[in-house]
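The block underneath contains the structure these notes are about, expressed in structure tokens.
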Amino acid sequence: MMDVSQFRAAFFEESMDSLDAMEAALLELDPGVPDAEAINTIFRGAHSIKGGAGMFGFTDITAFTHVLETLLDLLRSSRIAVTPDMADCMLRSVDVLRSMLGTVRSGVPADAAAVQSVLARLTAFVDEGSAQPASPPVHPDPSGPARAVAAGEPVRWHLRFESRPTLLVRGNDPLRMFSELAVLGDLAVVVDASALPPLVQADAEVCVLAWDLYLTTAAPVEAIELIFEWAEGDCVLKIERQADPAGGAEGAALPGPAPAPPAGMLAQAALPARACESARSPGGADSGSIRVSIEKIDGLLNTVGEIVIAQSMLSQLAERIDGQEGEALASGLAQLGTYIRALQEDVMRVRMLPVSFVFSRFPRLVRDLSQRLGKRIQLVVTGDQTELDKTILEKIGDPLVHLVRNCIDHGIESPAERAAAGKPEEGVIHLNAYHKGGAIVLEVGDDGRGLARDRLLAKARSRGLVDEEASLTDAQVHELIFLPGFSTAEQTTDLSGRGVGMDVVRRNIKELGGSIELASQPGRGTRFTIKLPLTLAIVDGQLVSVGGEIYVVPLVAIVESLQLRPGQSNSVAGECDVLRFRGEYLPILRLHEVFGVEPGSVDLHDGLIMVVEGEGRRVGLFVDALLAQQQVVIKSMETHYGAIEGVGGATILGDGAVSLILDIPALIRMAATRPSTRRAA
Amino acid sequence: MTDAAERRPEQQAGRQVLTFRLGEEDFGVDILRVKEIRGWSPVTRIPQARPHVLGVVNLRGTIVPVIDLRVRFGLPRAEFTPLTVVIVISFDMAGGPKECGLVVDGVSDVCEIAPDALRPAPALAGQVDAECIHGLVSIDERMAVLLDVGELAARELGAAADAA
């Protein structure tokens with residue numbers, strides 16, 4: 001027996017994809033305008049989930065999807081039309097199926113009450129719909145008239161089902177199909193084993209049986225064909241309508257191997273027509289793509305990173321060889337370097353996926369939430385084909401959800417409020433993504449009420465987060481919302497406003513090597529701008545030397561590097577130094593003190609000051625000299641050693657030596673708390 | 001014939017030990033723990049590390065810490081010469097398998113130690129915790145201290161992780 005457990009994971013992933021496609025199509029459905037394409041998409045999704053679930057024996061999923069499928073079939077054949085309630089119910093079905101699939105994966109049981117209630121509603125719609133009189137036939141009917149059977153009148157069908165050798169291997173079970181058939185009405189089944197070889201030669205995985213089935217049912221022929229749709233290509237199926245249910249062809253107890261071809265049979269014309277519809281191939285994926293495990297890609301990326309370093313080392317060695325051969329070697333290695341860097345970029349791109357993967361959950365979120373709050377909101381999404389690294393993509397989802405919820409909850413006003421303010425009643429939330437420099441920028445904006453400066457300030461003061469007398473710029477007031485425990489929601493709703501939000505959002509983004517800022521105008525709206533690196537594995541860095549050590553400073557953190565002019569720095573209380581920079585006073589952090597290194601000189605005027613920023617604050621780092629700028633591969637310190645405060649990782653330079661990468665936000669925090677560099681009040 | 005066969009199982013139960021010197025003292029480590037033996041190469045210093053953690057090196061693409069055992073055991077420091085050796089060991093810690101390098105004066109030999117050749121170490125007041133020592137053995141009439149490097153490294157780096 002085949003081990004199907006390895007296919008479970010594939011079934012799960014493909015089913016989740018189907019559900020996403022179904023949900024997207026459901027959100028597109030406009031009750032007034034029938035959209036056959038969308039209905040078909042939803043139908044196909046339900047159908048393949050049912051088929052797959054059947055293969056694994058997940059009977060509850062099969063049973064649920066069957067009802068959904070029946071409803072969709074009624075819609076498909078235009079017997080009923082979509083109503084907003086129905087669309088809603090189908091969206092809830094998608095949720096239910098997600099949770100049922102989740103049970104498959106994690107064992108956590110789905111909410112039985114929810115499942116039952118949605119199932120009941122679906123069944124009600126189906127019953128209502130089945131009671132409708134059948135519309136004129138959808139399929140071309142060579143048999144001519146009398147296909148419009150009034151509901152409730154049983155018809156007798158003769159089906160001839162002949163297996164192809166691939167039937168069982170493709171996961172079809174004729175017995176299961178026949179059981180489903182039996183649900184439709186009275187069924188008699190007669191097997192035709194004439195093609196069976198002697199038992200010693202028989203192959204258990206190759207089905208050579210054929211069956212004649214006699215079914216008396218009031219169901220439309222589409223319901224019959226539906227049951228066998230999954231086995232398309234793996235069987236030869238003929239369905240004929242027989243003349244008269246009463247006293248019909250029952251007499252033909254054991255028909256010969258060749259089926260008697262009566263006149264007016266619905267030939268296989270129906271089935272090939274269906275075959276043209278894109279049935280899901282066993283491979284499952286869209287044409288031209290494959291699923292790859294992320295470990296494989298990371299392995300690739302690692303190896304390529306090592307090659308980059310090795311090539312760099314070789315290049316350096318080659319430069320030390322004199323003469324023609326040295327030059328030839330150096331130039332060959334340089335060319336190799338170009339190819340390797342191209343390879344590296346290609347491999348990195350393999351890990352990148354369009355941001356639509358994460359944006360796609362928002363139409364549903366906005367729809368449900370705005371309905372719940374009684375607000376009217378339109379979601380506009382641009383740049384959703386912008387690509388970013390898969391790991392970043394996965395982790396940016398929750399922060400984005402939080403921001404969008406904030407916009408819906410606190411940003412966009414109620415329709416009445418908006419009307420009173422002279423705005424259109426429908427608010428707009430805008431999601432945008434684009435590349436800029438070596439980073440990707442995500443924007444979440446709304447045209448709502450904006451941040452109320454006074455309320456923010458009052459709240460911060462009452463929480464003791466800000467001095468009573470301190471005067472803050474608008475930008476600084478906005479930054480307050482990123483402080484832990486801060487929330488100005490009058491009552492905390494369960495969506496946001498519990499005060500655990502924005503600081504966690506910022507921390508999550510920071511862990512991805514990114515940053516978040518906001519801009520807001522009262523009455524006009526708010527916009528959050530998130531900057532993320534293209535990849536987690538590589539950073540553009542500025543090498544600096546402090547004493548005999550070389551450190552790497554991420555370029556994104558650097559504001560400016562300068563040599564101190566006389567009088568530009570002052571010492572405060574004889575203990576710490578501050579630098580006058582663009583109208584502010586910044587503390588100076590002596591890296592040689594932080595890292596315990598003997599510097600080239602302790603005089604600030606001998607070295608360089610590098611102004612860096614992180615989390616809205618700036619600090620001047622005192623270093624001996626600036627060296628090269630280069631792209632470095634980030635290596636973890638924690639694999640074999642552990643975390644070091646102020647150090648965000650390590651890298652290997654071209655000469656094979658290890659260099660520590662500085663964690664700028666951590667250093668800035670250290671500058672604020674170290675006793676020897678107390679910030680000027 | 002029978003005698004040798006009877007004796008052989010005992011010998012097979014012995015362990016193989018890599019011996020090395022620190023100044024005048026001999027030590028040994030379980031060969032199964034030794035991943036690699038390298039010459040000395042410059043290390044990159046780590047801030048806020050304990051004095052015997054010299055820094056980190058690039059071990060074929062992985063960043064691995066290096067511990068100076070002389071410093072760790074309170075012996076006077078030595079100059080690093082071309083003969084100085086770094087023994088790279090692997091050990092287990094909470095986070096998974098880890099590696100680190102131990103700087104020693106030089107490696108001597110790989111010897112087989114019979115299980116009954118191991119003598120318990122006397123309570124040593126001093127730098128070496130009793131838990132880090134398997135015991136004392138006699139090799140070529142010299143006494144060597146058999147170290148439990150896994151325990152030793154785990155303590156050093158565990159402490160480092162806690163302090164960070």
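By convention here, the chains of the structure tokens are called A, B, ... in the order presented, each chain's residues are numbered starting at 1, and ligands are numbered starting at 1 in the order presented.
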Taking the backbone alone, and naming residues the way the document does, which bits of chain B are alpha helix (DSSP H) by DSSP, as a PDB file with N, CA and C atoms, in the first residue's frame?
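Result went into out_19.pdb, see below:
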ATOM      1  N   THR B   2      42.711 -18.168  23.211  1.00  0.00           N
ATOM      2  CA  THR B   2      41.517 -17.838  23.996  1.00  0.00           C
ATOM      3  C   THR B   2      41.803 -16.657  24.915  1.00  0.00           C
ATOM      4  N   ASP B   3      43.010 -16.648  25.467  1.00  0.00           N
ATOM      5  CA  ASP B   3      43.380 -15.539  26.381  1.00  0.00           C
ATOM      6  C   ASP B   3      43.241 -14.194  25.691  1.00  0.00           C
ATOM      7  N   ALA B   4      43.818 -14.131  24.521  1.00  0.00           N
ATOM      8  CA  ALA B   4      43.794 -12.846  23.797  1.00  0.00           C
ATOM      9  C   ALA B   4      42.349 -12.433  23.493  1.00  0.00           C
ATOM     10  N   ALA B   5      41.562 -13.447  23.093  1.00  0.00           N
ATOM     11  CA  ALA B   5      40.158 -13.141  22.781  1.00  0.00           C
ATOM     12  C   ALA B   5      39.442 -12.615  24.020  1.00  0.00           C
ATOM     13  N   GLU B   6      39.794 -13.209  25.174  1.00  0.00           N
ATOM     14  CA  GLU B   6      39.134 -12.725  26.389  1.00  0.00           C
ATOM     15  C   GLU B   6      39.569 -11.319  26.731  1.00  0.00           C
ATOM     16  N   ARG B   7      40.843 -11.063  26.449  1.00  0.00           N
ATOM     17  CA  ARG B   7      41.350  -9.745  26.829  1.00  0.00           C
ATOM     18  C   ARG B   7      40.835  -8.652  25.886  1.00  0.00           C
ATOM     19  N   ARG B   8      40.575  -9.030  24.656  1.00  0.00           N
ATOM     20  CA  ARG B   8      40.285  -8.013  23.657  1.00  0.00           C
ATOM     21  C   ARG B   8      39.031  -7.166  23.976  1.00  0.00           C
ATOM     22  N   PRO B   9      37.945  -7.803  24.415  1.00  0.00           N
ATOM     23  CA  PRO B   9      36.760  -6.988  24.712  1.00  0.00           C
ATOM     24  C   PRO B   9      37.081  -5.862  25.697  1.00  0.00           C
ATOM     25  N   GLU B  10      37.929  -6.153  26.683  1.00  0.00           N
ATOM     26  CA  GLU B  10      38.285  -5.104  27.649  1.00  0.00           C
ATOM     27  C   GLU B  10      38.971  -3.953  26.941  1.00  0.00           C
ATOM     28  N   GLN B  11      39.899  -4.306  26.088  1.00  0.00           N
ATOM     29  CA  GLN B  11      40.637  -3.230  25.425  1.00  0.00           C
ATOM     30  C   GLN B  11      39.712  -2.435  24.524  1.00  0.00           C
ATOM     31  N   GLN B  12      38.779  -3.155  23.902  1.00  0.00           N
ATOM     32  CA  GLN B  12      37.894  -2.414  23.013  1.00  0.00           C
ATOM     33  C   GLN B  12      37.035  -1.427  23.800  1.00  0.00           C
ATOM     34  N   LEU B  69      43.514  27.738  26.961  1.00  0.00           N
ATOM     35  CA  LEU B  69      43.454  26.892  28.145  1.00  0.00           C
ATOM     36  C   LEU B  69      44.480  27.286  29.202  1.00  0.00           C
ATOM     37  N   ARG B  70      45.613  27.845  28.771  1.00  0.00           N
ATOM     38  CA  ARG B  70      46.605  28.271  29.771  1.00  0.00           C
ATOM     39  C   ARG B  70      46.002  29.314  30.693  1.00  0.00           C
ATOM     40  N   VAL B  71      45.343  30.264  30.071  1.00  0.00           N
ATOM     41  CA  VAL B  71      44.721  31.315  30.869  1.00  0.00           C
ATOM     42  C   VAL B  71      43.619  30.719  31.733  1.00  0.00           C
ATOM     43  N   ARG B  72      42.877  29.825  31.142  1.00  0.00           N
ATOM     44  CA  ARG B  72      41.754  29.228  31.860  1.00  0.00           C
ATOM     45  C   ARG B  72      42.233  28.468  33.100  1.00  0.00           C
ATOM     46  N   VAL B 149      36.118  17.786  28.077  1.00  0.00           N
ATOM     47  CA  VAL B 149      36.072  19.077  27.392  1.00  0.00           C
ATOM     48  C   VAL B 149      34.652  19.535  27.127  1.00  0.00           C
ATOM     49  N   GLY B 150      33.767  18.571  26.934  1.00  0.00           N
ATOM     50  CA  GLY B 150      32.377  18.956  26.702  1.00  0.00           C
ATOM     51  C   GLY B 150      31.881  19.785  27.868  1.00  0.00           C
ATOM     52  N   GLU B 151      32.119  19.289  29.061  1.00  0.00           N
ATOM     53  CA  GLU B 151      31.671  19.979  30.265  1.00  0.00           C
ATOM     54  C   GLU B 151      32.381  21.319  30.407  1.00  0.00           C
ATOM     55  N   LEU B 152      33.670  21.299  30.125  1.00  0.00           N
ATOM     56  CA  LEU B 152      34.473  22.517  30.270  1.00  0.00           C
ATOM     57  C   LEU B 152      33.973  23.614  29.342  1.00  0.00           C
ATOM     58  N   ALA B 153      33.825  23.259  28.075  1.00  0.00           N
ATOM     59  CA  ALA B 153      33.404  24.253  27.089  1.00  0.00           C
ATOM     60  C   ALA B 153      32.001  24.734  27.376  1.00  0.00           C
ATOM     61  N   ALA B 154      31.140  23.795  27.729  1.00  0.00           N
ATOM     62  CA  ALA B 154      29.761  24.184  28.008  1.00  0.00           C
ATOM     63  C   ALA B 154      29.720  25.198  29.129  1.00  0.00           C
ATOM     64  N   ARG B 155      30.537  24.993  30.134  1.00  0.00           N
ATOM     65  CA  ARG B 155      30.534  25.955  31.239  1.00  0.00           C
ATOM     66  C   ARG B 155      31.051  27.302  30.790  1.00  0.00           C
ATOM     67  N   GLU B 156      32.158  27.281  30.045  1.00  0.00           N
ATOM     68  CA  GLU B 156      32.724  28.566  29.599  1.00  0.00           C
ATOM     69  C   GLU B 156      31.746  29.339  28.767  1.00  0.00           C
ATOM     70  N   LEU B 157      31.165  28.648  27.783  1.00  0.00           N
ATOM     71  CA  LEU B 157      30.329  29.375  26.831  1.00  0.00           C
ATOM     72  C   LEU B 157      28.948  29.606  27.400  1.00  0.00           C
ATOM     73  N   GLY B 158      28.508  28.726  28.278  1.00  0.00           N
ATOM     74  CA  GLY B 158      27.237  28.966  28.950  1.00  0.00           C
ATOM     75  C   GLY B 158      27.334  30.220  29.780  1.00  0.00           C
ATOM     76  N   ALA B 159      28.474  30.327  30.472  1.00  0.00           N
ATOM     77  CA  ALA B 159      28.674  31.530  31.288  1.00  0.00           C
ATOM     78  C   ALA B 159      28.722  32.755  30.415  1.00  0.00           C
ATOM     79  N   ALA B 160      29.372  32.611  29.276  1.00  0.00           N
ATOM     80  CA  ALA B 160      29.460  33.755  28.357  1.00  0.00           C
ATOM     81  C   ALA B 160      28.079  34.167  27.907  1.00  0.00           C
ATOM     82  N   ALA B 161      27.250  33.164  27.589  1.00  0.00           N
ATOM     83  CA  ALA B 161      25.908  33.485  27.095  1.00  0.00           C
ATOM     84  C   ALA B 161      25.100  34.169  28.189  1.00  0.00           C
ATOM     85  N   ASP B 162      25.273  33.718  29.431  1.00  0.00           N
ATOM     86  CA  ASP B 162      24.517  34.332  30.523  1.00  0.00           C
ATOM     87  C   ASP B 162      24.936  35.770  30.739  1.00  0.00           C
ATOM     88  N   ALA B 163      26.251  35.983  30.628  1.00  0.00           N
ATOM     89  CA  ALA B 163      26.754  37.329  30.916  1.00  0.00           C
ATOM     90  C   ALA B 163      26.313  38.318  29.854  1.00  0.00           C
TER      91      ALA B 163
END
Shell of 10 Å around A:Ser117, only C-alpha atoms, local chain residues under 5 positions omitted, as a list in words: Cys89, Arg92, Ser93, Ala112, Leu122 and Thr123 of chain A
Export of prior selection with all heavy atoms as a PDB file, in the first residue's frame:
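What ended up in result-v4.pdb:
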ATOM      1  N   CYS A  89     -22.262  33.452   3.382  1.00  0.00           N
ATOM      2  CA  CYS A  89     -22.237  32.077   3.892  1.00  0.00           C
ATOM      3  C   CYS A  89     -21.069  31.317   3.274  1.00  0.00           C
ATOM      4  O   CYS A  89     -20.385  30.557   3.953  1.00  0.00           O
ATOM      5  CB  CYS A  89     -23.562  31.392   3.574  1.00  0.00           C
ATOM      6  SG  CYS A  89     -23.625  29.711   4.136  1.00  0.00           S
ATOM      7  N   ARG A  92     -17.922  32.243   4.946  1.00  0.00           N
ATOM      8  CA  ARG A  92     -17.789  31.548   6.230  1.00  0.00           C
ATOM      9  C   ARG A  92     -17.378  30.092   5.995  1.00  0.00           C
ATOM     10  O   ARG A  92     -16.642  29.513   6.778  1.00  0.00           O
ATOM     11  CB  ARG A  92     -19.110  31.550   7.002  1.00  0.00           C
ATOM     12  CG  ARG A  92     -19.699  32.910   7.215  1.00  0.00           C
ATOM     13  CD  ARG A  92     -19.210  33.626   8.478  1.00  0.00           C
ATOM     14  NE  ARG A  92     -19.560  35.039   8.391  1.00  0.00           N
ATOM     15  CZ  ARG A  92     -18.712  35.989   8.004  1.00  0.00           C
ATOM     16  NH1 ARG A  92     -17.466  35.707   7.728  1.00  0.00           N
ATOM     17  NH2 ARG A  92     -19.113  37.239   7.904  1.00  0.00           N
ATOM     18  N   SER A  93     -17.871  29.503   4.893  1.00  0.00           N
ATOM     19  CA  SER A  93     -17.476  28.127   4.607  1.00  0.00           C
ATOM     20  C   SER A  93     -15.980  28.033   4.386  1.00  0.00           C
ATOM     21  O   SER A  93     -15.346  27.064   4.794  1.00  0.00           O
ATOM     22  CB  SER A  93     -18.155  27.604   3.343  1.00  0.00           C
ATOM     23  OG  SER A  93     -19.491  27.928   3.340  1.00  0.00           O
ATOM     24  N   ALA A 112     -16.914  22.978  16.439  1.00  0.00           N
ATOM     25  CA  ALA A 112     -17.998  22.167  15.884  1.00  0.00           C
ATOM     26  C   ALA A 112     -19.267  22.979  15.690  1.00  0.00           C
ATOM     27  O   ALA A 112     -19.997  22.804  14.712  1.00  0.00           O
ATOM     28  CB  ALA A 112     -18.264  20.974  16.797  1.00  0.00           C
ATOM     29  N   LEU A 122     -25.747  26.444   4.536  1.00  0.00           N
ATOM     30  CA  LEU A 122     -25.472  25.984   3.176  1.00  0.00           C
ATOM     31  C   LEU A 122     -26.572  25.041   2.714  1.00  0.00           C
ATOM     32  O   LEU A 122     -27.076  25.135   1.587  1.00  0.00           O
ATOM     33  CB  LEU A 122     -24.130  25.238   3.131  1.00  0.00           C
ATOM     34  CG  LEU A 122     -22.852  26.057   3.053  1.00  0.00           C
ATOM     35  CD1 LEU A 122     -21.650  25.136   3.095  1.00  0.00           C
ATOM     36  CD2 LEU A 122     -22.827  26.900   1.800  1.00  0.00           C
ATOM     37  N   THR A 123     -26.910  24.104   3.584  1.00  0.00           N
ATOM     38  CA  THR A 123     -27.936  23.131   3.223  1.00  0.00           C
ATOM     39  C   THR A 123     -29.249  23.832   2.926  1.00  0.00           C
ATOM     40  O   THR A 123     -29.961  23.476   1.979  1.00  0.00           O
ATOM     41  CB  THR A 123     -28.137  22.117   4.364  1.00  0.00           C
ATOM     42  OG1 THR A 123     -26.846  21.733   4.850  1.00  0.00           O
ATOM     43  CG2 THR A 123     -28.896  20.895   3.878  1.00  0.00           C
TER      44      THR A 123
END
Kindly provide, as a short mmCIF file (atom, residue, chain, number, x, y, z; two decimals) with N, CA, C and O atoms, in the first residue's frame, the residues of chain B having any atom no farther than 12 Å from an atom of chain A, counting only C-alpha atoms.
data_model
loop_
_atom_site.label_atom_id
_atom_site.label_comp_id
_atom_site.auth_asym_id
_atom_site.auth_seq_id
_atom_site.Cartn_x
_atom_site.Cartn_y
_atom_site.Cartn_z
N SER B 41 45.83 30.77 14.16
CA SER B 41 45.63 31.91 13.26
C SER B 41 45.02 33.04 14.08
O SER B 41 44.37 32.79 15.10
N PRO B 42 45.23 34.27 13.63
CA PRO B 42 44.77 35.41 14.44
C PRO B 42 43.27 35.35 14.70
O PRO B 42 42.49 34.97 13.83
N VAL B 43 42.91 35.72 15.93
CA VAL B 43 41.48 35.72 16.25
C VAL B 43 40.96 37.15 16.27
O VAL B 43 41.73 38.10 16.40
N THR B 44 39.66 37.26 16.12
CA THR B 44 38.99 38.55 16.26
C THR B 44 38.47 38.64 17.68
O THR B 44 37.76 37.75 18.15
N ARG B 45 38.84 39.70 18.35
CA ARG B 45 38.45 39.83 19.76
C ARG B 45 36.95 40.00 19.91
O ARG B 45 36.29 40.60 19.06
N ILE B 46 36.44 39.49 21.01
CA ILE B 46 35.02 39.70 21.32
C ILE B 46 34.94 40.60 22.54
O ILE B 46 35.63 40.35 23.53
N PRO B 47 34.13 41.63 22.48
CA PRO B 47 33.99 42.50 23.65
C PRO B 47 33.31 41.77 24.81
O PRO B 47 32.55 40.82 24.60
N GLN B 48 33.59 42.20 25.97
CA GLN B 48 32.97 41.72 27.20
C GLN B 48 33.13 40.22 27.41
O GLN B 48 32.28 39.57 28.00
N ALA B 49 34.18 39.64 26.85
CA ALA B 49 34.37 38.21 27.05
C ALA B 49 35.29 37.99 28.24
O ALA B 49 36.07 38.85 28.61
N ARG B 50 35.21 36.80 28.80
CA ARG B 50 36.13 36.50 29.90
C ARG B 50 37.54 36.38 29.37
O ARG B 50 37.74 36.09 28.18
N PRO B 51 38.53 36.59 30.21
CA PRO B 51 39.90 36.71 29.70
C PRO B 51 40.41 35.51 28.92
O PRO B 51 41.22 35.67 28.02
N VAL B 53 38.65 33.64 26.93
CA VAL B 53 38.02 33.55 25.60
C VAL B 53 38.71 34.59 24.72
O VAL B 53 38.47 35.79 24.83
N GLY B 55 38.69 35.09 21.50
CA GLY B 55 37.96 35.73 20.41
C GLY B 55 37.34 34.65 19.53
O GLY B 55 37.09 33.53 19.99
N VAL B 56 37.11 35.01 18.29
CA VAL B 56 36.51 34.06 17.35
C VAL B 56 37.36 33.95 16.09
O VAL B 56 38.09 34.87 15.74
N VAL B 57 37.26 32.77 15.46
CA VAL B 57 37.92 32.58 14.17
C VAL B 57 36.93 32.07 13.16
O VAL B 57 35.87 31.57 13.51
N ASN B 58 37.34 32.17 11.91
CA ASN B 58 36.56 31.67 10.81
C ASN B 58 36.98 30.22 10.55
O ASN B 58 38.10 29.96 10.12
N LEU B 59 36.08 29.30 10.87
CA LEU B 59 36.37 27.89 10.63
C LEU B 59 35.57 27.45 9.42
O LEU B 59 34.41 27.06 9.54
N ARG B 60 36.17 27.59 8.25
CA ARG B 60 35.50 27.23 7.00
C ARG B 60 34.09 27.80 6.92
O ARG B 60 33.14 27.11 6.60
N GLY B 61 33.95 29.05 7.26
CA GLY B 61 32.66 29.70 7.08
C GLY B 61 31.83 29.81 8.34
O GLY B 61 30.83 30.51 8.36
N THR B 62 32.20 29.10 9.39
CA THR B 62 31.45 29.25 10.64
C THR B 62 32.29 30.03 11.63
O THR B 62 33.51 29.90 11.65
N ILE B 63 31.60 30.80 12.47
CA ILE B 63 32.29 31.62 13.46
C ILE B 63 32.40 30.80 14.74
O ILE B 63 31.39 30.40 15.32
N VAL B 64 33.62 30.54 15.17
CA VAL B 64 33.85 29.63 16.28
C VAL B 64 34.70 30.33 17.35
O VAL B 64 35.72 30.93 17.01
N PRO B 65 34.31 30.26 18.61
CA PRO B 65 35.11 30.91 19.66
C PRO B 65 36.37 30.11 19.97
O PRO B 65 36.41 28.89 19.78
N VAL B 66 37.38 30.80 20.48
CA VAL B 66 38.65 30.16 20.81
C VAL B 66 39.00 30.46 22.26
O VAL B 66 38.98 31.62 22.68
N ILE B 67 39.29 29.41 23.00
CA ILE B 67 39.61 29.54 24.43
C ILE B 67 41.08 29.23 24.65
O ILE B 67 41.60 28.25 24.11
N VAL B 88 40.03 21.88 17.77
CA VAL B 88 38.61 22.24 17.64
C VAL B 88 37.78 21.07 18.14
O VAL B 88 37.87 19.97 17.62
N ILE B 89 36.99 21.36 19.15
CA ILE B 89 36.17 20.28 19.71
C ILE B 89 34.70 20.56 19.47
O ILE B 89 34.30 21.72 19.29
N SER B 90 33.92 19.49 19.48
CA SER B 90 32.48 19.68 19.40
C SER B 90 31.86 19.18 20.69
O SER B 90 32.35 18.24 21.30
N PHE B 91 30.81 19.85 21.12
CA PHE B 91 30.16 19.45 22.36
C PHE B 91 28.70 19.84 22.27
O PHE B 91 28.29 20.55 21.36
N ASP B 92 27.92 19.34 23.20
CA ASP B 92 26.48 19.61 23.16
C ASP B 92 26.09 20.61 24.22
O ASP B 92 26.57 20.57 25.35
N MET B 93 25.21 21.50 23.77
CA MET B 93 24.67 22.44 24.74
C MET B 93 23.18 22.55 24.50
O MET B 93 22.66 21.98 23.54
N ALA B 94 22.52 23.31 25.33
CA ALA B 94 21.07 23.42 25.22
C ALA B 94 20.62 23.74 23.80
O ALA B 94 19.64 23.23 23.31
N GLY B 95 21.38 24.62 23.14
CA GLY B 95 20.91 25.05 21.82
C GLY B 95 21.25 24.08 20.71
O GLY B 95 20.89 24.31 19.57
N GLY B 96 21.97 23.00 21.02
CA GLY B 96 22.34 22.08 19.96
C GLY B 96 23.84 21.85 19.97
O GLY B 96 24.55 22.26 20.89
N PRO B 97 24.34 21.16 18.96
CA PRO B 97 25.78 20.89 18.92
C PRO B 97 26.54 22.18 18.67
O PRO B 97 26.15 22.99 17.84
N LYS B 98 27.63 22.36 19.38
CA LYS B 98 28.43 23.57 19.20
C LYS B 98 29.89 23.18 19.06
O LYS B 98 30.29 22.07 19.36
N GLU B 99 30.67 24.16 18.59
CA GLU B 99 32.11 23.92 18.44
C GLU B 99 32.87 25.04 19.09
O GLU B 99 32.39 26.17 19.17
N CYS B 100 34.07 24.72 19.51
CA CYS B 100 34.96 25.78 19.95
C CYS B 100 36.39 25.31 19.83
O CYS B 100 36.66 24.11 19.70
N GLY B 101 37.30 26.26 19.84
CA GLY B 101 38.72 25.91 19.70
C GLY B 101 39.44 26.08 21.02
O GLY B 101 39.16 26.99 21.78
N ALA B 153 33.82 23.26 28.07
CA ALA B 153 33.40 24.25 27.09
C ALA B 153 32.00 24.73 27.38
O ALA B 153 31.70 25.93 27.28
N ALA B 154 31.14 23.80 27.73
CA ALA B 154 29.76 24.18 28.01
C ALA B 154 29.72 25.20 29.13
O ALA B 154 28.97 26.18 29.08
N ARG B 155 30.54 24.99 30.13
CA ARG B 155 30.53 25.96 31.24
C ARG B 155 31.05 27.30 30.79
O ARG B 155 30.49 28.33 31.12
N GLU B 156 32.16 27.28 30.05
CA GLU B 156 32.72 28.57 29.60
C GLU B 156 31.75 29.34 28.77
O GLU B 156 31.54 30.53 28.93
N LEU B 157 31.17 28.65 27.78
CA LEU B 157 30.33 29.37 26.83
C LEU B 157 28.95 29.61 27.40
O LEU B 157 28.30 30.58 27.08
N GLY B 158 28.51 28.73 28.28
CA GLY B 158 27.24 28.97 28.95
C GLY B 158 27.33 30.22 29.78
O GLY B 158 26.47 31.08 29.75
N ALA B 159 28.47 30.33 30.47
CA ALA B 159 28.67 31.53 31.29
C ALA B 159 28.72 32.76 30.42
O ALA B 159 28.19 33.80 30.74
N ALA B 160 29.37 32.61 29.28
CA ALA B 160 29.46 33.76 28.36
C ALA B 160 28.08 34.17 27.91
O ALA B 160 27.74 35.34 27.87
N ALA B 161 27.25 33.16 27.59
CA ALA B 161 25.91 33.49 27.09
C ALA B 161 25.10 34.17 28.19
O ALA B 161 24.36 35.10 27.94
N ASP B 162 25.27 33.72 29.43
CA ASP B 162 24.52 34.33 30.52
C ASP B 162 24.94 35.77 30.74
O ASP B 162 24.11 36.63 31.01
N ALA B 163 26.25 35.98 30.63
CA ALA B 163 26.75 37.33 30.92
C ALA B 163 26.31 38.32 29.85
O ALA B 163 26.17 39.50 30.13
N ALA B 164 26.09 37.85 28.66
CA ALA B 164 25.78 38.76 27.53
C ALA B 164 24.43 39.43 27.69
O ALA B 164 23.54 38.87 28.28
#
Go through chain B and collect every residue that DSSP, computed from the backbone, puts in strand (DSSP E); the answer should be as a VMD selection string. chain B and resid 15 to 22 25 to 30 34 to 39 53 to 59 62 to 68 85 to 93 96 to 104 106 to 113 133 to 139 142 to 147
Using only C-alpha atoms for the distances, tell me which of A:Arg507, A:Leu159, A:Phe359, A:Leu333 is nearest to A:Leu317. A:Leu333
Just give me the gap between atom CA of A:Ile377 and atom CA of A:Ile392 in Å, one decimal is fine.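 Pair atom CA of A:Ile377 / atom CA of A:Ile392 returns 27.7 Å.
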Nearest to B:Ile31 by atom-to-atom distance, counting only C-alpha atoms, from B:Leu102, B:Val145, B:Val110, B:Ala121: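 Between B:Leu102, B:Val145, B:Val110, B:Ala121, the residue approaching B:Ile31 most closely is B:Val110.
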B:Val137, B:Pro122, B:Ile87, B:Phe27 ranked by distance to B:Gly39, top pick (using only C-alpha atoms): B:Ile87
By how many Å are atom CA of A:Val355 and atom CA of A:Val505 apart?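 About the pair atom CA of A:Val355 and atom CA of A:Val505: they are 18.1 Å apart.
Checking B:Gly23, B:Leu18, B:Arg38, B:Asp129 one by one against B:Glu79, counting only C-alpha atoms, you find the shortest gap at B:Gly23.
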Just the number, please: distance in Å from atom CA of A:Ile61 to atom CA of A:Val206, one decimal.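 Answer for the atom CA of A:Ile61 to atom CA of A:Val206 separation: 28.1 Å.
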